[in-house]
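**Q** Below is start_7.txt; it holds compact mmCIF, C-alpha atoms.
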```txt
# COMPACT_ATOMS: atom_id res chain seq x y z
CA MET A 1 118.09 79.99 70.86
CA LEU A 2 115.27 82.31 69.84
CA GLU A 3 113.87 82.06 73.36
CA ASP A 4 117.27 83.11 74.76
CA ARG A 5 117.34 86.19 72.51
CA LEU A 6 113.92 87.16 73.83
CA LEU A 7 114.92 86.49 77.45
CA MET A 8 118.08 88.58 76.99
CA TRP A 9 116.14 91.44 75.41
CA LYS A 10 113.65 91.47 78.30
CA TYR A 11 116.45 91.15 80.89
CA ASN A 12 118.34 94.09 79.32
CA HIS A 13 115.16 96.15 79.58
CA GLY A 14 114.79 95.37 83.29
CA ASN A 15 111.85 92.95 82.95
CA VAL A 16 112.23 90.91 86.15
CA ASP A 17 109.46 88.49 85.15
CA VAL A 18 111.99 86.57 83.01
CA LEU A 19 114.32 85.79 85.94
CA GLN A 20 112.34 82.72 87.04
CA ARG A 21 112.42 81.24 83.53
CA ILE A 22 116.17 81.87 83.17
CA TYR A 23 116.85 80.26 86.55
CA VAL A 24 114.74 77.17 85.80
CA LYS A 25 116.31 76.83 82.34
CA TYR A 26 119.97 76.98 83.39
CA LYS A 27 120.17 76.08 87.09
CA ASP A 28 121.02 72.39 86.65
CA ASP A 29 123.55 73.02 83.85
CA LEU A 30 125.39 75.56 85.97
CA MET A 31 125.19 73.38 89.06
CA THR A 32 126.67 70.43 87.13
CA LEU A 33 129.45 72.63 85.74
CA ALA A 34 130.34 74.10 89.13
CA THR A 35 130.33 70.63 90.72
CA ALA A 36 132.56 69.25 87.96
CA PHE A 37 135.00 72.11 88.60
CA LEU A 38 135.02 71.87 92.39
CA TYR A 39 134.01 68.26 93.21
CA ASP A 40 132.16 69.64 96.20
CA ARG A 41 128.38 70.06 96.16
CA GLY A 42 128.31 72.67 98.92
CA SER A 43 130.87 74.96 97.28
CA ALA A 44 129.20 74.44 93.88
CA GLU A 45 125.85 75.56 95.35
CA ASP A 46 127.56 78.65 96.79
CA VAL A 47 128.91 79.49 93.34
CA VAL A 48 125.53 79.03 91.60
CA HIS A 49 123.81 81.03 94.36
CA ASP A 50 126.29 83.93 94.09
CA VAL A 51 126.13 83.97 90.29
CA PHE A 52 122.32 84.08 90.21
CA VAL A 53 121.99 86.63 93.01
CA THR A 54 124.37 88.98 91.17
CA PHE A 55 122.55 88.26 87.90
CA ILE A 56 119.12 89.00 89.46
CA ARG A 57 120.32 92.22 91.09
CA SER A 58 121.86 93.42 87.81
CA CYS A 59 118.60 93.01 85.84
CA GLY A 60 118.18 96.13 83.70
CA LYS A 61 121.51 97.53 84.89
CA GLN A 62 123.77 95.55 82.58
CA ARG A 63 123.48 94.71 78.90
CA LEU A 64 123.94 91.15 77.66
CA THR A 65 125.03 91.06 74.05
CA ARG A 66 126.29 87.60 73.06
CA SER A 67 124.82 84.43 74.53
CA LEU A 68 122.81 84.10 77.74
CA LYS A 69 124.15 80.64 78.53
CA GLY A 70 127.70 81.72 77.61
CA TYR A 71 127.42 84.66 79.98
CA LEU A 72 126.19 82.54 82.91
CA VAL A 73 128.79 79.82 82.24
CA THR A 74 131.55 82.46 82.18
CA CYS A 75 130.28 83.86 85.49
CA VAL A 76 130.39 80.38 87.05
CA ALA A 77 133.92 79.75 85.71
CA ASN A 78 135.13 83.13 87.05
CA ASP A 79 133.52 82.56 90.44
CA VAL A 80 135.07 79.08 90.68
CA ARG A 81 138.47 80.58 89.82
CA ASN A 82 138.05 83.27 92.49
CA LYS A 83 137.07 80.64 95.02
CA ASN A 84 140.08 78.51 94.12
CA LYS A 85 142.39 81.53 94.37
CA ALA A 86 140.99 82.39 97.78
CA ARG A 87 141.41 78.79 98.91
CA GLN A 88 144.94 78.77 97.50
CA ARG A 89 145.84 81.93 99.40
CA HIS A 90 144.29 80.50 102.51
CA ALA A 91 146.07 77.18 102.36
CA SER A 92 149.14 78.52 100.49
CA ALA A 93 148.88 75.47 98.31
CA SER A 94 148.93 75.05 94.54
CA LEU A 95 145.82 74.62 92.45
CA GLU A 96 146.64 70.95 91.99
CA GLN A 97 146.81 70.50 95.73
CA VAL A 98 143.47 72.21 96.11
CA SER A 99 141.88 69.59 93.87
CA PRO A 100 143.73 66.48 94.96
CA ILE A 101 144.20 63.71 92.46
CA ALA A 102 141.61 61.13 93.18
CA SER A 103 142.34 57.52 93.84
CA ASP A 104 140.01 54.61 93.39
CA SER A 105 139.02 54.99 97.01
CA ASN A 106 137.33 58.27 96.07
CA ARG A 107 134.86 56.51 93.76
CA PRO A 108 131.97 56.35 96.23
CA ASP A 109 132.15 60.16 96.70
CA ILE A 110 132.08 60.74 92.97
CA SER A 111 129.11 58.47 92.44
CA ALA A 112 127.31 60.20 95.32
CA VAL A 113 127.78 63.56 93.59
CA PHE A 114 127.35 62.67 89.93
CA GLY A 115 125.33 59.48 90.05
CA LYS A 116 126.49 56.03 88.94
CA ARG A 117 125.98 56.69 85.23
CA SER A 118 128.60 59.44 85.03
CA GLN A 119 131.01 58.30 87.71
CA ARG A 120 133.61 56.97 85.21
CA LEU A 121 133.81 60.27 83.34
CA ALA A 122 133.77 62.27 86.58
CA TRP A 123 136.59 60.13 87.98
CA ALA A 124 138.68 60.50 84.78
CA LEU A 125 138.09 64.26 84.67
CA ARG A 126 139.34 64.55 88.20
CA GLN A 127 142.71 63.08 87.16
CA LEU A 128 143.29 65.88 84.64
CA PRO A 129 145.17 69.08 85.42
CA CYS A 130 142.77 71.82 86.45
CA ARG A 131 143.20 73.98 83.33
CA GLN A 132 142.71 71.07 80.90
CA ARG A 133 139.60 69.97 82.79
CA GLU A 134 138.26 73.53 82.63
CA VAL A 135 138.70 73.74 78.84
CA LEU A 136 137.10 70.33 78.29
CA LEU A 137 134.10 71.15 80.47
CA LEU A 138 133.59 74.61 78.98
CA HIS A 139 133.85 73.30 75.42
CA LEU A 140 132.25 69.86 75.58
CA TYR A 141 129.70 70.32 78.35
CA SER A 142 128.78 74.00 78.08
CA GLY A 143 129.39 74.38 74.36
CA LEU A 144 131.60 77.48 74.64
CA LYS A 145 133.72 78.21 71.54
CA PHE A 146 137.53 78.13 71.84
CA ARG A 147 137.63 81.87 71.18
CA ALA A 148 135.26 82.54 74.10
CA ILE A 149 137.27 80.26 76.40
CA ALA A 150 140.49 82.02 75.33
CA GLU A 151 138.93 85.38 76.23
CA LEU A 152 137.74 84.04 79.54
CA GLU A 153 141.11 82.59 80.46
CA GLY A 154 143.15 85.47 79.05
CA GLU A 155 145.14 83.08 76.87
CA SER A 156 145.69 82.69 73.14
CA ILE A 157 143.31 80.50 71.17
CA ASN A 158 146.25 78.17 70.29
CA THR A 159 147.00 77.59 73.97
CA ILE A 160 143.36 76.73 74.63
CA GLN A 161 143.21 74.35 71.65
CA GLY A 162 146.45 72.73 72.85
CA ARG A 163 145.01 72.23 76.33
CA TYR A 164 141.88 70.75 74.79
CA ARG A 165 143.89 68.26 72.68
CA TYR A 166 146.12 67.20 75.59
CA GLY A 167 143.15 66.97 77.91
CA LEU A 168 141.07 64.95 75.45
CA ASN A 169 143.93 62.49 74.77
CA LYS A 170 144.56 62.00 78.47
CA LEU A 171 140.87 61.60 79.18
CA ARG A 172 140.53 59.04 76.40
CA SER A 173 143.47 56.99 77.62
CA LEU A 174 142.17 57.13 81.20
CA LEU A 175 138.74 55.92 80.11
CA ASN A 176 140.27 53.18 77.92
CA SER A 177 142.57 51.97 80.68
CA GLU A 178 139.54 51.91 82.95
CA VAL A 179 137.67 49.70 80.47
CA GLN A 180 140.66 47.28 80.20
CA LYS A 181 140.84 46.85 84.00
CA MET B 1 131.59 58.65 64.93
CA ARG B 2 134.76 60.59 65.84
CA PRO B 3 136.37 59.65 69.20
CA ALA B 4 135.59 63.11 70.55
CA ASP B 5 131.91 62.52 69.80
CA ASN B 6 131.79 59.53 72.19
CA ILE B 7 133.28 61.65 74.91
CA ARG B 8 131.02 64.59 74.02
CA LYS B 9 128.02 62.28 74.42
CA SER B 10 129.21 61.14 77.84
CA PHE B 11 129.59 64.80 78.88
CA THR B 12 125.91 65.38 78.17
CA GLU B 13 125.07 62.65 80.68
CA LEU B 14 126.65 64.61 83.55
CA HIS B 15 123.84 65.94 85.68
CA VAL B 16 123.82 67.42 89.17
CA PRO B 17 120.49 69.07 90.10
CA THR B 18 120.24 72.05 92.43
CA SER B 19 118.90 71.43 95.93
CA ALA B 20 115.42 72.52 97.07
CA ARG B 21 117.10 74.92 99.52
CA LEU B 22 119.01 76.72 96.76
CA ASP B 23 115.83 76.89 94.63
CA GLU B 24 113.98 78.42 97.58
CA GLN B 25 116.71 81.00 98.20
CA ILE B 26 116.78 82.06 94.54
CA ASN B 27 112.98 82.17 94.36
CA VAL B 28 112.94 84.52 97.35
CA GLU B 29 115.61 86.67 95.69
CA ILE B 30 113.49 86.81 92.51
CA SER B 31 110.39 87.71 94.57
CA MET B 32 112.33 90.55 96.18
CA ALA B 33 113.40 91.79 92.74
CA LEU B 34 109.74 91.70 91.66
CA VAL B 35 108.69 93.73 94.72
CA LYS B 36 111.44 96.27 94.07
CA ALA B 37 110.49 96.56 90.41
CA ARG B 38 106.79 97.03 91.24
CA ASN B 39 107.51 99.64 93.93
CA LYS B 40 109.83 101.47 91.53
CA LYS B 41 107.17 101.39 88.83
CA SER B 42 104.53 102.85 91.17
CA ALA B 43 106.97 105.56 92.28
CA ASP B 44 107.75 106.58 88.69
CA PRO B 45 105.90 109.73 87.65
CA LEU B 46 102.94 108.90 85.39
CA PRO B 47 101.94 111.10 82.46
CA ASN B 48 99.55 113.69 83.73
CA ILE B 49 96.32 111.97 82.63
CA TRP B 50 94.33 113.47 85.50
CA ARG B 51 95.00 117.00 84.30
CA MET B 52 93.88 115.95 80.80
CA ILE B 53 90.65 114.55 82.26
CA VAL B 54 89.66 117.49 84.45
CA LYS B 55 90.24 119.97 81.63
CA ASN B 56 87.45 118.46 79.54
CA ARG B 57 83.81 118.26 80.73
CA THR B 58 82.99 115.06 78.77
CA THR B 59 86.05 113.15 79.97
CA LYS B 60 85.31 114.39 83.50
CA LEU B 61 81.86 112.70 83.40
CA ALA B 62 83.28 109.55 81.79
CA ALA B 63 85.97 109.31 84.51
CA ALA B 64 83.31 109.65 87.24
CA ALA B 65 81.27 106.85 85.63
CA VAL B 66 84.36 104.60 85.44
CA ILE B 67 85.12 105.21 89.14
CA ILE B 68 81.53 104.35 90.16
CA ILE B 69 81.52 101.16 88.04
CA THR B 70 84.92 100.10 89.44
CA VAL B 71 83.70 100.57 93.02
CA VAL B 72 80.47 98.62 92.36
CA VAL B 73 82.32 95.76 90.59
CA GLY B 74 85.00 95.72 93.30
CA ILE B 75 82.39 95.44 96.06
CA HIS B 76 80.61 92.70 94.11
CA TYR B 77 83.78 90.59 93.72
CA LEU B 78 85.28 91.08 97.16
CA GLY B 79 81.98 90.54 98.86
CA SER B 80 80.64 87.76 96.65
CA SER B 81 80.32 85.19 99.45
CA GLY B 82 77.93 87.41 101.31
CA THR B 83 80.67 88.97 103.43
CA SER B 84 81.25 92.58 104.14
CA VAL B 85 85.00 91.97 104.63
CA ALA B 86 87.18 93.43 101.92
CA PHE B 87 90.78 92.35 101.54
CA ALA B 88 91.91 95.95 101.96
CA GLU B 89 90.42 95.86 105.46
CA VAL B 90 92.42 92.72 106.29
CA ILE B 91 95.62 94.44 105.12
CA GLN B 92 94.82 97.52 107.18
CA ARG B 93 93.84 95.53 110.29
CA PHE B 94 97.01 93.41 110.18
CA GLU B 95 99.19 96.51 110.00
CA SER B 96 97.53 97.88 113.11
CA VAL B 97 98.14 94.88 115.40
CA PRO B 98 100.80 95.73 118.00
CA PHE B 99 102.35 92.26 118.26
CA PHE B 100 102.02 88.83 116.72
CA ASN B 101 103.64 85.44 116.37
CA LEU B 102 103.99 83.92 112.92
CA THR B 103 104.85 80.25 112.37
CA ILE B 104 105.88 79.35 108.84
CA TYR B 105 106.26 75.91 107.31
CA VAL B 106 108.19 75.77 104.04
CA GLY B 107 108.28 72.50 102.16
CA ASN B 108 107.97 70.72 98.86
CA ASP B 109 106.30 67.58 97.63
CA THR B 110 109.54 65.61 97.45
CA THR B 111 110.79 66.11 101.02
CA ALA B 112 108.83 64.58 103.83
CA GLU B 113 109.58 67.21 106.45
CA ALA B 114 108.84 70.90 106.08
CA GLN B 115 111.16 73.56 107.49
CA LYS B 116 109.73 75.48 110.43
CA ILE B 117 110.40 79.17 111.00
CA GLU B 118 108.99 81.23 113.87
CA ILE B 119 108.76 85.01 113.90
CA TRP B 120 107.67 87.28 116.76
CA LYS B 121 107.01 91.01 116.37
CA SER B 122 106.92 93.33 119.38
CA GLU B 123 104.96 96.52 119.97
CA LYS B 124 108.18 98.47 119.41
CA SER B 125 108.69 97.05 115.92
CA GLN B 126 111.37 94.63 117.04
CA VAL B 127 111.48 91.15 115.55
CA ARG B 128 112.91 87.85 116.71
CA ALA B 129 113.00 84.82 114.41
CA HIS B 130 114.00 81.19 114.88
CA GLU B 131 115.18 79.08 111.96
CA ALA B 132 116.62 75.64 112.78
CA ASN B 133 119.35 76.38 115.33
CA LYS B 134 119.61 80.06 114.46
CA VAL B 135 118.08 83.04 116.23
CA ILE B 136 117.75 86.34 114.35
CA PHE B 137 117.08 89.79 115.81
CA ILE B 138 116.01 92.83 113.83
CA ASP B 139 114.89 96.29 114.88
CA PHE B 140 113.14 97.84 111.90
CA ALA B 141 111.72 100.85 113.72
CA ASP B 142 114.76 102.92 112.70
CA GLY B 143 114.42 101.77 109.06
CA ASN B 144 117.99 100.40 108.96
CA ASN B 145 116.88 96.76 109.04
CA VAL B 146 120.10 95.37 110.51
CA PHE B 147 119.89 91.61 110.98
CA VAL B 148 121.86 90.09 113.90
CA ALA B 149 122.00 86.30 114.15
CA PHE B 150 123.35 83.80 116.68
CA ASP B 151 123.62 80.07 117.01
CA ARG B 152 121.10 79.09 119.70
CA SER B 153 123.33 76.39 121.22
CA THR B 154 126.74 78.09 121.19
CA MET B 155 125.28 81.63 121.27
CA GLN B 156 128.04 82.68 118.88
CA PRO B 157 127.29 85.18 116.06
CA VAL B 158 126.44 83.54 112.72
CA ASN B 159 125.42 84.71 109.25
CA ALA B 160 121.75 85.78 109.21
CA ASP B 161 121.18 84.65 105.60
CA GLY B 162 118.52 82.00 105.19
CA ILE B 163 114.82 81.51 104.64
CA ALA B 164 113.80 83.45 107.80
CA LYS B 165 115.73 86.53 106.66
CA ALA B 166 114.33 86.24 103.16
CA VAL B 167 110.75 85.91 104.47
CA LEU B 168 111.23 88.91 106.77
CA MET B 169 112.55 90.99 103.89
CA TRP B 170 109.65 89.78 101.77
CA ILE B 171 106.99 90.88 104.29
CA LEU B 172 108.86 94.07 105.17
CA GLY B 173 109.36 94.98 101.51
CA THR B 174 110.85 98.38 100.87
CA GLY B 175 108.19 100.07 102.95
CA LYS B 176 109.93 99.04 106.23
CA ARG B 177 106.63 97.87 107.70
CA PHE B 178 105.05 94.45 108.10
CA SER B 179 102.33 94.39 105.49
CA LEU B 180 100.36 91.82 103.51
CA GLU B 181 100.44 94.39 100.73
CA ASN B 182 104.15 93.69 100.20
CA ILE B 183 103.31 90.03 99.63
CA ILE B 184 100.58 90.87 97.13
CA ASN B 185 102.90 93.29 95.34
CA SER B 186 105.47 90.52 94.91
CA LEU B 187 103.03 88.28 93.01
CA PRO B 188 103.30 88.12 89.22
CA ALA B 189 100.93 90.44 87.34
CA GLU B 190 98.85 87.41 86.26
CA ALA B 191 98.09 86.51 89.89
CA LYS B 192 97.42 89.86 91.49
CA ASP B 193 93.60 89.79 91.47
CA ILE B 194 92.42 89.06 94.99
CA THR B 195 88.96 87.51 95.09
CA SER B 196 87.00 86.09 97.97
CA VAL B 197 86.37 82.34 97.81
CA LYS B 198 82.83 81.04 98.03
CA THR B 199 82.70 78.72 101.03
CA ALA B 200 80.07 76.32 102.35
CA ASP B 201 77.53 77.91 104.68
CA ASN B 202 78.51 76.48 108.04
CA ALA B 203 79.76 77.61 111.44
CA ALA B 204 83.38 77.92 110.27
CA SER B 205 82.53 80.01 107.21
CA ARG B 206 80.37 82.31 109.32
CA GLU B 207 83.48 83.16 111.34
CA THR B 208 86.14 83.16 108.65
CA VAL B 209 86.49 84.56 105.18
CA VAL B 210 88.86 83.17 102.53
CA PHE B 211 90.60 85.20 99.83
CA GLU B 212 92.61 83.84 96.95
CA ALA B 213 94.99 85.13 94.29
CA ARG B 214 95.31 82.53 91.54
CA HIS B 215 97.63 82.70 88.54
CA ARG B 216 95.52 83.17 85.39
CA THR B 217 97.45 80.72 83.21
CA ARG B 218 99.11 78.49 85.85
CA PRO B 219 96.27 77.69 88.29
CA GLU B 220 98.54 75.53 90.48
CA GLN B 221 100.21 78.75 91.62
CA LEU B 222 97.97 80.34 94.20
CA LEU B 223 97.86 82.28 97.43
CA LEU B 224 95.05 81.63 99.92
CA ILE B 225 94.41 83.87 102.92
CA TRP B 226 92.03 83.05 105.78
CA ALA B 227 90.87 85.97 107.91
CA LEU B 228 88.48 86.30 110.85
CA ARG B 229 85.22 87.86 109.79
CA GLU B 230 84.73 89.98 112.88
CA SER B 231 88.23 91.21 113.72
CA LYS B 232 89.36 91.06 110.05
CA LEU B 233 92.70 89.66 111.19
CA PRO B 234 94.49 87.09 108.99
CA VAL B 235 94.92 83.70 110.69
CA ARG B 236 96.45 81.60 107.93
CA MET B 237 98.11 82.11 104.59
CA HIS B 238 98.99 79.32 102.15
CA PHE B 239 101.28 79.91 99.18
CA ASN B 240 101.59 77.22 96.53
CA SER B 241 104.01 77.37 93.62
CA HIS B 242 104.86 74.31 91.47
CA SER B 243 105.84 71.57 93.93
CA LYS B 244 106.69 73.99 96.76
CA TYR B 245 104.42 75.38 99.44
CA SER B 246 104.59 77.74 102.40
CA ASP B 247 102.08 77.86 105.23
CA PHE B 248 101.88 80.95 107.46
CA LEU B 249 99.99 80.62 110.75
CA PHE B 250 99.24 83.85 112.63
CA ASP B 251 98.81 84.02 116.40
CA TYR B 252 97.95 87.18 118.34
CA SER B 253 97.58 85.68 121.82
CA GLN B 254 101.09 85.79 123.25
CA LYS B 255 102.86 89.00 124.12
CA LYS B 256 106.60 88.57 124.72
CA ASP B 257 108.53 90.88 127.04
CA SER B 258 111.09 93.34 125.68
CA ALA B 259 114.10 91.19 126.78
CA PHE B 260 112.94 88.49 124.34
CA PHE B 261 113.61 90.87 121.44
CA ASP B 262 116.89 92.23 122.80
CA SER B 263 120.00 90.76 121.15
CA ASN B 264 122.17 92.24 123.92
CA ALA B 265 120.14 90.42 126.56
CA PHE B 266 120.63 87.22 124.53
CA THR B 267 124.43 87.63 124.39
CA LYS B 268 124.55 88.45 128.10
CA GLN B 269 123.20 84.95 128.78
CA ARG B 270 126.23 83.61 126.91
CA ASP B 271 128.70 85.79 128.82
CA ARG B 272 127.22 84.78 132.18
```
Show the structure stored in the file as structure tokens.

**A**
Amino acid sequence: MLEDRLLMWKYNHGNVDVLQRIYVKYKDDLMTLATAFLYDRGSAEDVVHDVFVTFIRSCGKQRLTRSLKGYLVTCVANDVRNKNKARQRHASASLEQVSPIASDSNRPDISAVFGKRSQRLAWALRQLPCRQREVLLLHLYSGLKFRAIAELEGESINTIQGRYRYGLNKLRSLLNSEVQK
Amino acid sequence: MRPADNIRKSFTELHVPTSARLDEQINVEISMALVKARNKKSADPLPNIWRMIVKNRTTKLAAAAVIIITVVVGIHYLGSSGTSVAFAEVIQRFESVPFFNLTIYVGNDTTAEAQKIEIWKSEKSQVRAHEANKVIFIDFADGNNVFVAFDRSTMQPVNADGIAKAVLMWILGTGKRFSLENIINSLPAEAKDITSVKTADNAASRETVVFEARHRTRPEQLLLIWALRESKLPVRMHFNSHSKYSDFLFDYSQKKDSAFFDSNAFTKQRDR
């Protein structure tokens, strides 16, 4: 946490020497988050690439005030949303159609992306509606507070907490039913 | 343990690492930011120390002594292996060559095969590069640095982004000229001291001279440059950083004709 404050201070003052450390520190977290949003490694890499390139080019030009990780996570979430919107416009399909509900036959793909250890969770997450999945990932994986997620999504904090509860219940029942099988 | 805690724990096990290609692209982007920052810093007006020095007789003498000591120490370090070749001469000589061919291998310890990139520069400051199935043309004489890329099999236009473009931008820097100086400028401050490497006294070392820039605190990060003692031209450059490496091999023997660097001539082949 203290290291992040120092990195942010240096970044705000245009010290480009900190960029390598920031990239190494957060690259895998952001890559995992983007992959969990998109279920496509290639698109997730595009998102992480775009986010970091913009971040690098803005060194010293923008001022980070809250949390470094929170800022990068928000950038990834926004970029994913933009990508989904663009895809939606392109295919004139709904967000749910863009991320099709997975069947058991999709399991090998999931394990190829996330590894065998996390394939159950990844599979269950994929069954959730997009917005519930987003709240769960931002809160439980990236550690964003509900208030921050509400700001990001442009919704009230109650709506976000509601999505979290519904999402968590559904995820739990999916994982339990999976265990009973 | 609350039910949410079990799920929270399983979230922490999610892990998808970035690919070596993405790491390479971001590292190049960071290197470019470093070059830009250094160039900006050197362009910023400095406080007028010189005027302060020349106004005072004592400081004038002290400054002269410092300059003499710096020159003597510099000659001692750059020429420590008994060579009269200074790195500045290698930089200068490389900038004066009319044409060259540069083959670059980029790889890391985990992947068996390194990526190969070839770059040719013409006398008229035109560049052609090959990266996998992509061919890139750039004419930097006008200073616009417009990259045009095509697929070599279909000959259709493609996006120029990639390692070749990043390397070209790295060597071109903001000065719009191919220079080893741009590469040195992009190194972190802790690795900017270029020293000549002491080599064994044999036939090879009598013909070549080796320079290195090693990171002061992370010795695994280093840049090695081999240059010919007589012509002072660089022949090889090896850049090592963590588990990644890049090898640059310079060749000055083949001169390509102007059509080779002409993107229009390339597209005409497609239209034929």

**Q** Tell me which of B:Thr267, B:Gln126, B:Asn202, B:Ser241 sits closest to chain A, counting all atoms listed in the file.

**A**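 When distances to chain A are compared using all atoms listed in the file, the smallest one comes from B:Ser241.
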
**Q** Please measure the separation of atom CA of Val85 of chain B and atom CA of Ser231 of chain B, giving the value in Å to one decimal.

**A**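 Atom CA of Ser231 of chain B lies at a distance of 9.7 Å from atom CA of Val85 of chain B.
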
**Q** Could you jot down the atom CA of Ile119 of chain B to atom CA of Leu102 of chain B separation for me, Å, one decimal place?

**A**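 These atoms are spaced 5.0 Å apart.
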
**Q** Would you give me, as CSV, each residue of chain B having an atom within 8 Å of an atom of chain A, along with its shortest atom pair and that distance in Å to one decimal, using all atoms listed in the file and sorting by chain and residue number?

**A**
```
residue,atom,partner,partner_atom,distance
B:Ala4,CA,A:Leu168,CA,7.6
B:Ile7,CA,A:Arg172,CA,7.8
B:Arg8,CA,A:Leu140,CA,5.6
B:Ser10,CA,A:Leu121,CA,7.2
B:Phe11,CA,A:Tyr141,CA,5.5
B:Thr12,CA,A:Tyr141,CA,6.2
B:Glu13,CA,A:Ser118,CA,6.5
B:Leu14,CA,A:Ser118,CA,5.7
B:His15,CA,A:Thr32,CA,5.5
B:Val16,CA,A:Thr32,CA,4.6
B:Pro17,CA,A:Asp28,CA,4.8
B:Thr18,CA,A:Asp28,CA,5.8
B:Leu22,CA,A:His49,CA,6.9
B:Ile26,CA,A:Val53,CA,7.1
B:Asn27,CA,A:Gln20,CA,7.4
B:Glu29,CA,A:Val53,CA,6.9
B:Ile30,CA,A:Leu19,CA,6.7
B:Ala33,CA,A:Val16,CA,6.8
B:Leu34,CA,A:Val16,CA,6.1
B:Ala37,CA,A:Val16,CA,7.3
B:Pro188,CA,A:Asp17,CA,7.4
```

**Q** Keeping only C-alpha atoms, take the residues you just selected and write them out as a short mmCIF file (atom, residue, chain, number, x, y, z; two decimals), in the frame of the given file.

**A**
```cif
data_model
loop_
_atom_site.label_atom_id
_atom_site.label_comp_id
_atom_site.auth_asym_id
_atom_site.auth_seq_id
_atom_site.Cartn_x
_atom_site.Cartn_y
_atom_site.Cartn_z
CA ALA B 4 135.59 63.11 70.55
CA ILE B 7 133.28 61.65 74.91
CA ARG B 8 131.02 64.59 74.02
CA SER B 10 129.21 61.14 77.84
CA PHE B 11 129.59 64.80 78.88
CA THR B 12 125.91 65.38 78.17
CA GLU B 13 125.07 62.65 80.68
CA LEU B 14 126.65 64.61 83.55
CA HIS B 15 123.84 65.94 85.68
CA VAL B 16 123.82 67.42 89.17
CA PRO B 17 120.49 69.07 90.10
CA THR B 18 120.24 72.05 92.43
CA LEU B 22 119.01 76.72 96.76
CA ILE B 26 116.78 82.06 94.54
CA ASN B 27 112.98 82.17 94.36
CA GLU B 29 115.61 86.67 95.69
CA ILE B 30 113.49 86.81 92.51
CA ALA B 33 113.40 91.79 92.74
CA LEU B 34 109.74 91.70 91.66
CA ALA B 37 110.49 96.56 90.41
CA PRO B 188 103.30 88.12 89.22
#
```

**Q** Within 9 Å of Ala132 of chain B, counting only C-alpha atoms, which residues show up once you throw out same-chain ones fewer than 2 positions away? Write them as a VMD selection string, please.

**A** chain B and resid 115 to 117 130 134 to 135 152

**Q** If I take atom CA of Gln254 of chain B and atom CA of Ser122 of chain B, how far is one from the other in Å, to one decimal?

**A**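 These atoms are spaced 10.3 Å apart.
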